[in-house]
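Undergrad: Structure: input.pdb, PDB, C-alpha atoms.
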```
ATOM      1  CA  MET S   1       3.505 280.993 165.154
ATOM      2  CA  GLY S   2       7.082 281.141 166.464
ATOM      3  CA  LEU S   3      10.276 280.362 164.583
ATOM      4  CA  LEU S   4      10.501 276.860 166.060
ATOM      5  CA  ASP S   5       6.973 276.076 164.868
ATOM      6  CA  VAL S   6       7.826 277.353 161.384
ATOM      7  CA  ARG S   7      11.013 275.247 161.484
ATOM      8  CA  ARG S   8       9.111 272.095 162.496
ATOM      9  CA  LYS S   9       6.583 272.621 159.707
ATOM     10  CA  ALA S  10       9.344 273.228 157.136
ATOM     11  CA  ILE S  11      11.196 270.059 158.200
ATOM     12  CA  THR S  12       8.005 268.007 157.898
ATOM     13  CA  GLU S  13       7.261 269.467 154.454
ATOM     14  CA  LEU S  14      10.868 268.939 153.332
ATOM     15  CA  GLU S  15      10.776 265.263 154.355
ATOM     16  CA  LEU S  16       7.501 264.794 152.480
ATOM     17  CA  TRP S  17       8.959 266.414 149.349
ATOM     18  CA  LYS S  18      12.150 264.334 149.598
ATOM     19  CA  LYS S  19      10.048 261.170 149.761
ATOM     20  CA  ARG S  20       7.913 262.355 146.832
ATOM     21  CA  ILE S  21      11.033 263.067 144.739
ATOM     22  CA  GLU S  22      12.420 259.610 145.586
ATOM     23  CA  ASP S  23       9.139 258.039 144.440
ATOM     24  CA  ILE S  24       9.192 260.035 141.189
ATOM     25  CA  ASP S  25      12.848 259.105 140.589
ATOM     26  CA  ASP S  26      11.987 255.436 141.167
ATOM     27  CA  THR S  27       9.197 255.680 138.584
ATOM     28  CA  ILE S  28      11.480 257.390 136.053
ATOM     29  CA  PHE S  29      14.169 254.757 136.629
ATOM     30  CA  GLU S  30      11.688 251.926 136.116
ATOM     31  CA  ALA S  31      10.761 253.457 132.759
ATOM     32  CA  VAL S  32      14.360 253.692 131.509
ATOM     33  CA  LYS S  33      16.245 251.010 133.445
ATOM     34  CA  ASP S  34      16.888 248.952 130.294
ATOM     35  CA  LYS S  35      18.965 251.859 128.944
ATOM     36  CA  VAL S  36      21.074 252.286 132.097
ATOM     37  CA  PRO S  37      24.221 250.261 132.870
ATOM     38  CA  GLN S  38      24.484 248.440 136.189
ATOM     39  CA  THR S  39      27.041 251.054 137.283
ATOM     40  CA  GLY S  40      28.145 254.215 135.555
ATOM     41  CA  SER S  41      26.029 256.826 133.859
ATOM     42  CA  ALA S  42      23.749 257.196 130.892
ATOM     43  CA  THR S  43      22.166 260.205 129.225
ATOM     44  CA  MET S  44      18.924 259.833 127.320
ATOM     45  CA  GLU S  45      15.708 261.516 126.269
ATOM     46  CA  PHE S  46      12.735 261.193 128.629
ATOM     47  CA  GLU S  47       9.447 263.011 128.123
ATOM     48  CA  GLY S  48      11.108 265.253 125.556
ATOM     49  CA  GLU S  49      13.974 266.280 127.819
ATOM     50  CA  LYS S  50      17.512 265.083 128.304
ATOM     51  CA  ILE S  51      18.140 263.272 131.586
ATOM     52  CA  SER S  52      21.236 261.687 133.069
ATOM     53  CA  ILE S  53      21.164 258.757 135.453
ATOM     54  CA  THR S  54      24.266 257.840 137.411
ATOM     55  CA  ILE S  55      24.675 254.690 139.475
ATOM     56  CA  PRO S  56      27.912 254.851 141.443
ATOM     57  CA  LYS S  57      30.070 251.785 141.884
ATOM     58  CA  VAL S  58      30.490 250.844 145.529
ATOM     59  CA  VAL S  59      33.419 248.545 146.220
ATOM     60  CA  LYS S  60      34.029 246.969 149.616
ATOM     61  CA  TRP S  61      37.044 244.912 150.574
ATOM     62  CA  ASP S  62      37.079 242.161 153.192
ATOM     63  CA  GLN S  63      39.519 243.547 155.757
ATOM     64  CA  LEU S  64      40.466 240.171 157.236
ATOM     65  CA  LEU S  65      41.236 238.717 153.812
ATOM     66  CA  LEU S  66      43.256 241.804 152.875
ATOM     67  CA  LYS S  67      45.343 241.360 156.029
ATOM     68  CA  ARG S  68      46.020 237.776 154.976
ATOM     69  CA  VAL S  69      46.966 238.882 151.456
ATOM     70  CA  ALA S  70      49.268 241.539 152.905
ATOM     71  CA  ALA S  71      50.950 238.907 155.094
ATOM     72  CA  LYS S  72      51.506 236.660 152.050
ATOM     73  CA  ILE S  73      52.948 239.561 150.057
ATOM     74  CA  GLN S  74      55.279 240.449 152.913
ATOM     75  CA  ALA S  75      56.295 236.799 153.389
ATOM     76  CA  SER S  76      57.272 236.678 149.717
ATOM     77  CA  GLY S  77      59.623 239.610 150.300
ATOM     78  CA  ASP S  78      57.522 242.298 148.631
ATOM     79  CA  ASP S  79      56.074 245.431 150.233
ATOM     80  CA  PRO S  80      52.284 245.154 150.769
ATOM     81  CA  GLU S  81      51.972 248.943 150.644
ATOM     82  CA  THR S  82      52.803 248.706 146.947
ATOM     83  CA  TYR S  83      49.373 247.101 146.501
ATOM     84  CA  ILE S  84      47.333 248.021 149.561
ATOM     85  CA  ARG S  85      46.605 251.498 150.906
ATOM     86  CA  TYR S  86      46.375 251.523 154.670
ATOM     87  CA  GLU S  87      44.235 253.938 156.626
ATOM     88  CA  LEU S  88      44.949 253.826 160.322
ATOM     89  CA  LYS S  89      42.160 254.956 162.625
ATOM     90  CA  VAL S  90      41.625 255.285 166.328
ATOM     91  CA  LEU S  91      38.062 255.246 167.606
ATOM     92  CA  GLU S  92      37.414 258.342 169.709
ATOM     93  CA  THR S  93      35.394 256.336 172.224
ATOM     94  CA  THR S  94      38.349 253.975 172.673
ATOM     95  CA  PHE S  95      40.857 256.833 172.864
ATOM     96  CA  LYS S  96      38.910 258.430 175.717
ATOM     97  CA  THR S  97      39.164 255.220 177.783
ATOM     98  CA  TRP S  98      42.964 255.028 177.590
ATOM     99  CA  PRO S  99      45.209 256.144 180.460
ATOM    100  CA  GLU S 100      46.611 259.663 180.067
ATOM    101  CA  GLN S 101      50.152 258.410 179.386
ATOM    102  CA  VAL S 102      48.888 256.322 176.435
ATOM    103  CA  GLN S 103      46.749 259.195 175.137
ATOM    104  CA  ALA S 104      49.811 261.453 175.301
ATOM    105  CA  ILE S 105      51.655 259.191 172.846
ATOM    106  CA  PHE S 106      48.807 259.533 170.300
ATOM    107  CA  LEU S 107      48.001 263.237 170.802
ATOM    108  CA  PRO S 108      50.514 264.564 168.224
ATOM    109  CA  ALA S 109      48.691 262.536 165.536
ATOM    110  CA  ARG S 110      45.212 263.699 166.625
ATOM    111  CA  THR S 111      43.471 266.766 165.217
ATOM    112  CA  VAL S 112      40.043 267.863 166.440
ATOM    113  CA  MET S 113      37.963 270.091 164.176
ATOM    114  CA  PRO S 114      34.333 271.155 164.373
ATOM    115  CA  GLY S 115      31.875 269.164 162.277
ATOM    116  CA  LYS S 116      28.758 270.324 160.450
ATOM    117  CA  ARG S 117      26.436 272.350 162.633
ATOM    118  CA  LYS S 118      23.198 270.653 163.599
ATOM    119  CA  ILE S 119      20.252 272.198 165.371
ATOM    120  CA  GLU S 120      17.784 269.940 167.107
ATOM    121  CA  VAL S 121      14.625 270.920 168.853
ATOM    122  CA  LYS S 122      13.915 268.642 171.763
ATOM    123  CA  LYS S 123      10.372 267.766 172.710
TER     124      LYS S 123
END
```
The structure given in the file should be rewritten as structure tokens.
TA:
Amino acid sequence: MGLLDVRRKAITELELWKKRIEDIDDTIFEAVKDKVPQTGSATMEFEGEKISITIPKVVKWDQLLLKRVAAKIQASGDDPETYIRYELKVLETTFKTWPEQVQAIFLPARTVMPGKRKIEVKK
């Protein structure tokens, strides 16, 4: 058995174990869900051991409505950046379609770094 075969087998086993752990966690949560807040964390005894369950709060903001709010704030004479944090982004796929002279304007603000390594075995 070669390294790629061992790798394939390990990935399959890992996925099965991840799914099994998710199922076990779901069962544990069902048993204690009345003791857990909707978001936040709780520590409790379960099967004679201390466990902690954390449910993160996920907040999403409607971008179109925020733009409207920012316009109202600005129209009233206040600075929207006092209340709203802006994150400007340029899609890489869009950037690549621009003419070179437009890309040149944006290049000083662009940094390219390597991402997390990924190895795929193609069939």
Undergrad: Would you work out the distance separating atom CA of S:Ser52 from atom CA of S:Ile21, expressed in Å to one decimal?
TA: 15.6 Å
Undergrad: Carefully work through the PyMOL selection byres ((chain S and resi 43) around 12) for this structure and note down the residues it includes, as a PyMOL selection string.
TA: chain S and resi 32-33+35-37+40-42+44-46+49-55
Undergrad: Specify the axis-aligned box that encloses all atoms of stretch 50-54 of chain S listed in the file after padding of 5 Å on each side, stating its centre and edge lengths in Å to one decimal as JSON.
TA:
```
{"center_x": 20.9, "center_y": 261.5, "center_z": 132.9, "size_x": 16.8, "size_y": 17.2, "size_z": 19.1}
```
Undergrad: For S:Leu65, which of S:Pro114, S:Leu16, S:Asp34, S:Ile84 is the closest residue, counting all atoms listed in the file?
TA: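 Of S:Pro114, S:Leu16, S:Asp34, S:Ile84, the one nearest S:Leu65 is S:Ile84, counting all atoms listed in the file.
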Undergrad: So what do you get for atom CA of S:Asp62 versus atom CA of S:Gln74, distance-wise?
TA: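 That distance, rounded to one decimal, is 18.3 Å.
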Undergrad: So what do you get for atom CA of S:Pro80 versus atom CA of S:Thr39, distance-wise?
TA: 29.2 Å
Undergrad: Rebuild stretch 89-122 of chain S to N, CA and C atoms - output it as an mmCIF file, in the frame of the given file, please.
TA:
```cif
data_model
loop_
_atom_site.group_PDB
_atom_site.id
_atom_site.type_symbol
_atom_site.label_atom_id
_atom_site.label_comp_id
_atom_site.auth_asym_id
_atom_site.auth_seq_id
_atom_site.Cartn_x
_atom_site.Cartn_y
_atom_site.Cartn_z
ATOM 1 N N LYS S 89 43.168 254.176 161.906
ATOM 2 C CA LYS S 89 42.160 254.956 162.625
ATOM 3 C C LYS S 89 42.192 254.581 164.095
ATOM 4 N N VAL S 90 41.814 255.528 164.908
ATOM 5 C CA VAL S 90 41.625 255.285 166.328
ATOM 6 C C VAL S 90 40.209 255.743 166.654
ATOM 7 N N LEU S 91 39.423 254.865 167.215
ATOM 8 C CA LEU S 91 38.062 255.246 167.606
ATOM 9 C C LEU S 91 38.123 256.221 168.770
ATOM 10 N N GLU S 92 37.397 257.313 168.668
ATOM 11 C CA GLU S 92 37.414 258.342 169.709
ATOM 12 C C GLU S 92 36.912 257.778 171.036
ATOM 13 N N THR S 93 35.911 256.919 170.982
ATOM 14 C CA THR S 93 35.394 256.336 172.224
ATOM 15 C C THR S 93 36.451 255.472 172.906
ATOM 16 N N THR S 94 37.265 254.791 172.120
ATOM 17 C CA THR S 94 38.349 253.975 172.673
ATOM 18 C C THR S 94 39.455 254.871 173.222
ATOM 19 N N PHE S 95 39.813 255.895 172.463
ATOM 20 C CA PHE S 95 40.857 256.833 172.864
ATOM 21 C C PHE S 95 40.555 257.426 174.242
ATOM 22 N N LYS S 96 39.303 257.797 174.456
ATOM 23 C CA LYS S 96 38.910 258.430 175.717
ATOM 24 C C LYS S 96 39.053 257.490 176.918
ATOM 25 N N THR S 97 39.060 256.178 176.677
ATOM 26 C CA THR S 97 39.164 255.220 177.783
ATOM 27 C C THR S 97 40.612 254.911 178.165
ATOM 28 N N TRP S 98 41.569 255.335 177.338
ATOM 29 C CA TRP S 98 42.964 255.028 177.590
ATOM 30 C C TRP S 98 43.507 255.862 178.748
ATOM 31 N N PRO S 99 44.528 255.342 179.433
ATOM 32 C CA PRO S 99 45.209 256.144 180.460
ATOM 33 C C PRO S 99 45.874 257.364 179.808
ATOM 34 N N GLU S 100 46.045 258.411 180.594
ATOM 35 C CA GLU S 100 46.611 259.663 180.067
ATOM 36 C C GLU S 100 47.968 259.470 179.405
ATOM 37 N N GLN S 101 48.811 258.595 179.963
ATOM 38 C CA GLN S 101 50.152 258.410 179.386
ATOM 39 C C GLN S 101 50.072 257.773 177.995
ATOM 40 N N VAL S 102 49.069 256.921 177.762
ATOM 41 C CA VAL S 102 48.888 256.322 176.435
ATOM 42 C C VAL S 102 48.300 257.368 175.486
ATOM 43 N N GLN S 103 47.328 258.132 175.966
ATOM 44 C CA GLN S 103 46.749 259.195 175.137
ATOM 45 C C GLN S 103 47.829 260.182 174.699
ATOM 46 N N ALA S 104 48.748 260.482 175.597
ATOM 47 C CA ALA S 104 49.811 261.453 175.301
ATOM 48 C C ALA S 104 50.667 261.008 174.119
ATOM 49 N N ILE S 105 50.867 259.709 173.968
ATOM 50 C CA ILE S 105 51.655 259.191 172.846
ATOM 51 C C ILE S 105 50.941 259.468 171.522
ATOM 52 N N PHE S 106 49.600 259.378 171.521
ATOM 53 C CA PHE S 106 48.807 259.533 170.300
ATOM 54 C C PHE S 106 48.441 260.986 169.998
ATOM 55 N N LEU S 107 48.468 261.856 170.991
ATOM 56 C CA LEU S 107 48.001 263.237 170.802
ATOM 57 C C LEU S 107 48.640 263.980 169.628
ATOM 58 N N PRO S 108 49.950 263.833 169.365
ATOM 59 C CA PRO S 108 50.514 264.564 168.224
ATOM 60 C C PRO S 108 49.885 264.178 166.879
ATOM 61 N N ALA S 109 49.294 262.987 166.790
ATOM 62 C CA ALA S 109 48.691 262.536 165.536
ATOM 63 C C ALA S 109 47.193 262.850 165.476
ATOM 64 N N ARG S 110 46.661 263.470 166.517
ATOM 65 C CA ARG S 110 45.212 263.699 166.625
ATOM 66 C C ARG S 110 44.897 265.165 166.382
ATOM 67 N N THR S 111 43.953 265.414 165.479
ATOM 68 C CA THR S 111 43.471 266.766 165.217
ATOM 69 C C THR S 111 41.967 266.770 165.450
ATOM 70 N N VAL S 112 41.476 267.738 166.177
ATOM 71 C CA VAL S 112 40.043 267.863 166.440
ATOM 72 C C VAL S 112 39.556 269.122 165.747
ATOM 73 N N MET S 113 38.542 268.960 164.893
ATOM 74 C CA MET S 113 37.963 270.091 164.176
ATOM 75 C C MET S 113 36.452 270.043 164.348
ATOM 76 N N PRO S 114 35.795 271.172 164.254
ATOM 77 C CA PRO S 114 34.333 271.155 164.373
ATOM 78 C C PRO S 114 33.700 270.498 163.150
ATOM 79 N N GLY S 115 32.620 269.786 163.368
ATOM 80 C CA GLY S 115 31.875 269.164 162.277
ATOM 81 C C GLY S 115 30.775 270.089 161.788
ATOM 82 N N LYS S 116 29.862 269.536 160.989
ATOM 83 C CA LYS S 116 28.758 270.324 160.450
ATOM 84 C C LYS S 116 27.768 270.641 161.561
ATOM 85 N N ARG S 117 27.377 271.889 161.606
ATOM 86 C CA ARG S 117 26.436 272.350 162.633
ATOM 87 C C ARG S 117 25.096 271.649 162.488
ATOM 88 N N LYS S 118 24.500 271.320 163.594
ATOM 89 C CA LYS S 118 23.198 270.653 163.599
ATOM 90 C C LYS S 118 22.368 271.297 164.696
ATOM 91 N N ILE S 119 21.152 271.635 164.378
ATOM 92 C CA ILE S 119 20.252 272.198 165.371
ATOM 93 C C ILE S 119 19.110 271.228 165.559
ATOM 94 N N GLU S 120 18.877 270.848 166.797
ATOM 95 C CA GLU S 120 17.784 269.940 167.107
ATOM 96 C C GLU S 120 16.861 270.620 168.087
ATOM 97 N N VAL S 121 15.589 270.426 167.901
ATOM 98 C CA VAL S 121 14.625 270.920 168.853
ATOM 99 C C VAL S 121 14.118 269.737 169.628
ATOM 100 N N LYS S 122 14.326 269.754 170.923
ATOM 101 C CA LYS S 122 13.915 268.642 171.763
ATOM 102 C C LYS S 122 12.473 268.819 172.193
#
```
